[in-house]
Amino acid sequence: MRLNPFAGAYLTDPAGVWARLLERDGGVHHDDELGLWLITRHADVRRALADARTFGNALTLAPVYEICPEALALVARIDAPPTTAAADPPTHPRTRRALRATFANTPERVEQRYGGIVRRRVDELVSRLAARAGDRVDLIAGFTAELPLLVVLDILGVPARDVPRIRSWADGQIALIWGCPEPAEQVRLAAGLLEFWHYCQDLVRRRRHGGGDDYVTELLAYRGGDDEVLTVAEVASIVFNLLVAGHETTAGLLAHALDRALSEPDRWRGFAQRPERVPAFVTETLRFAPAIDGWLRVTTAPVTLGGVTIPAGARCLLLIGAANRDPAVFGHPDRFDPDRPDAHDHLSFGHGPHFCIGAALARLEAVTALTRLAAALPGLRPAPGQHRVFRPNLAFRAHRDLPVIVDPAVPAGHRPAARPAA
Ligand code: HEM
């Protein structure tokens, strides 16, 4: 079966495509055009994510098409050693240990270490939006793409003035690896990626000569000058990864959550009165509309899934978006229902040895952003006549834009029901 991730229905509403792929041929298909095996069912995607020995990560960050020689020559100059998401054992457990020891990854530690940063950045952006009362604003440029990047830069100790270039490099990396750019564009994006890598190396180099109170300094301290723990190049590589993983994903989650919440005005207004409803809403958003809905693995041995044998050395696209709609796991999977008991079974943060290190941070950002934005702007509403369109990409499902009208007031007759007494 064919999956065209770069055109047609997949760019507006992928759920129909996922449903067809789930239903047929044991949910496992070879797409000749993409040169990828598509794995869709929840049990199979979960198994592949858990089984790092059979499903390796070596090619997870390698372009999904044949990149032109000029761009390839630039990419070849990026000598970032594989760490975390791009690494297999024995490098992966060692570099992941470094991340787990230094990056807060439980709700309690995230709240303690990053809660203040998240609330300060959310409040700044909410005030900036509120100051534009009556205007039509694109929430992607004005909020969702900005917040997670500012937060991750604060954690890493990088000045906010670097936001525009880091965003442009990171967007470029996503388009270069999982998009379908023309050769001239590939060269431009590859040159940007090389510049990005040099920026990360330079950041680490400067911290080595007198660091501050930031994550890069902490990672260097964890290393303790011992290359067997972590090399300096691996520190730079982790920073390189965090600057992309830490914001493009959460930006997607924020966009999906706001898109959904604003399209149901009563729900949006209700958040101001019942903020305790926001966490379940965010969880169901993660299941229903994952920011990463396809992720790559390469088989290291033949493996049989859904009655189909995939050979060794095959690139596989784990369709997380489809797995999250698998009717074998989720009742009425196409119904968006924050009260469903099974929403937590989604695979949007991965599963097993590579499970997302930033899941708790992403949740905190999303819950804080929705709660405070709804409280400040209960009248925020989608601009009329807009259609949802996603950027052509195999892994990241990112909105092209999300135009809204910044109306702080709730229109008469639309006030939410008063909060019942406890
Ligand atoms: C909604 C937001 C997010 C989503 C949907 C998401 C998704 C994912 C997924 C699917 C993986 C698994 C990769 C694999 O199995 O190969 C992953 C891993 C990872 N994520 Fe996230 N992520 C999010 C936010 C973040 C944030 C905020 C950070 C850090 C600031 C982060 C850092 C990482 C890292 C470092 C890994 C690699 C872990 C490893 O390979 O051991 N992510 N993420």
# chains A, B, ... in the order shown; residues from 1 in each chain; ligands from 1
$ residues_near_ligand --ligand "ligand 1" --cutoff "7 Å" --atoms "only C-alpha atoms and all ligand atoms" --output "ChimeraX atom specification"
/A:49,57,60,84-86,92,96,152,241-242,245-247,249-250,252-253,290-292,295,348-351,353-359,361-362
$ residues_around --residues "A:His29" --least-positions-apart "4" --cutoff "10 Å" --atoms "only C-alpha atoms" --output "list in words"
Met1, Arg2, Leu3, Leu21, Leu22, Arg24, Asp25, Leu36, Trp37, Leu38, Ile39, Thr40, Gly306, Val308, Ile310, Cys316 and Leu317 of chain A
$ write_last_selection --atoms "C-alpha atoms" --output "CSV table (one decimal), in the first residue's frame"
chain,number,residue,atom,x,y,z
A,1,MET,CA,0.0,0.0,0.0
A,2,ARG,CA,1.1,3.6,-0.7
A,3,LEU,CA,1.5,6.3,1.8
A,21,LEU,CA,-3.3,0.9,6.8
A,22,LEU,CA,-4.4,-0.6,10.1
A,24,ARG,CA,-5.3,-4.4,5.8
A,25,ASP,CA,-2.6,-7.0,5.5
A,36,LEU,CA,10.0,1.9,3.8
A,37,TRP,CA,8.1,-0.7,5.7
A,38,LEU,CA,5.0,0.8,7.4
A,39,ILE,CA,4.1,-0.6,10.8
A,40,THR,CA,0.8,0.5,12.2
A,306,GLY,CA,1.4,-9.2,11.6
A,308,VAL,CA,4.7,-10.5,7.4
A,310,ILE,CA,10.6,-7.9,7.2
A,316,CYS,CA,10.7,0.9,9.0
A,317,LEU,CA,8.4,3.7,9.7
$ residues_around --residues "A:Pro82" --least-positions-apart "3" --cutoff "9 Å" --atoms "only C-alpha atoms" --output "PyMOL selection string"
chain A and resi 58+85-88+91-92+234+237-238
$ closest_residue --among "A:Ala322, A:Val204, A:Leu149, A:Ala190" --to "A:Leu243" --atoms "only C-alpha atoms"
A:Leu149
$ select_by_dssp --residues "stretch 294-401 of chain A" --states "alpha helix (DSSP H)" --output "list in words"
Ile320, Gly321, Ala322, Ala323, Ala359, Ala360, Leu361, Ala362, Arg363, Leu364, Glu365, Ala366, Val367, Thr368, Ala369, Leu370, Thr371, Arg372, Leu373, Ala374, Ala375 and Ala376 of chain A
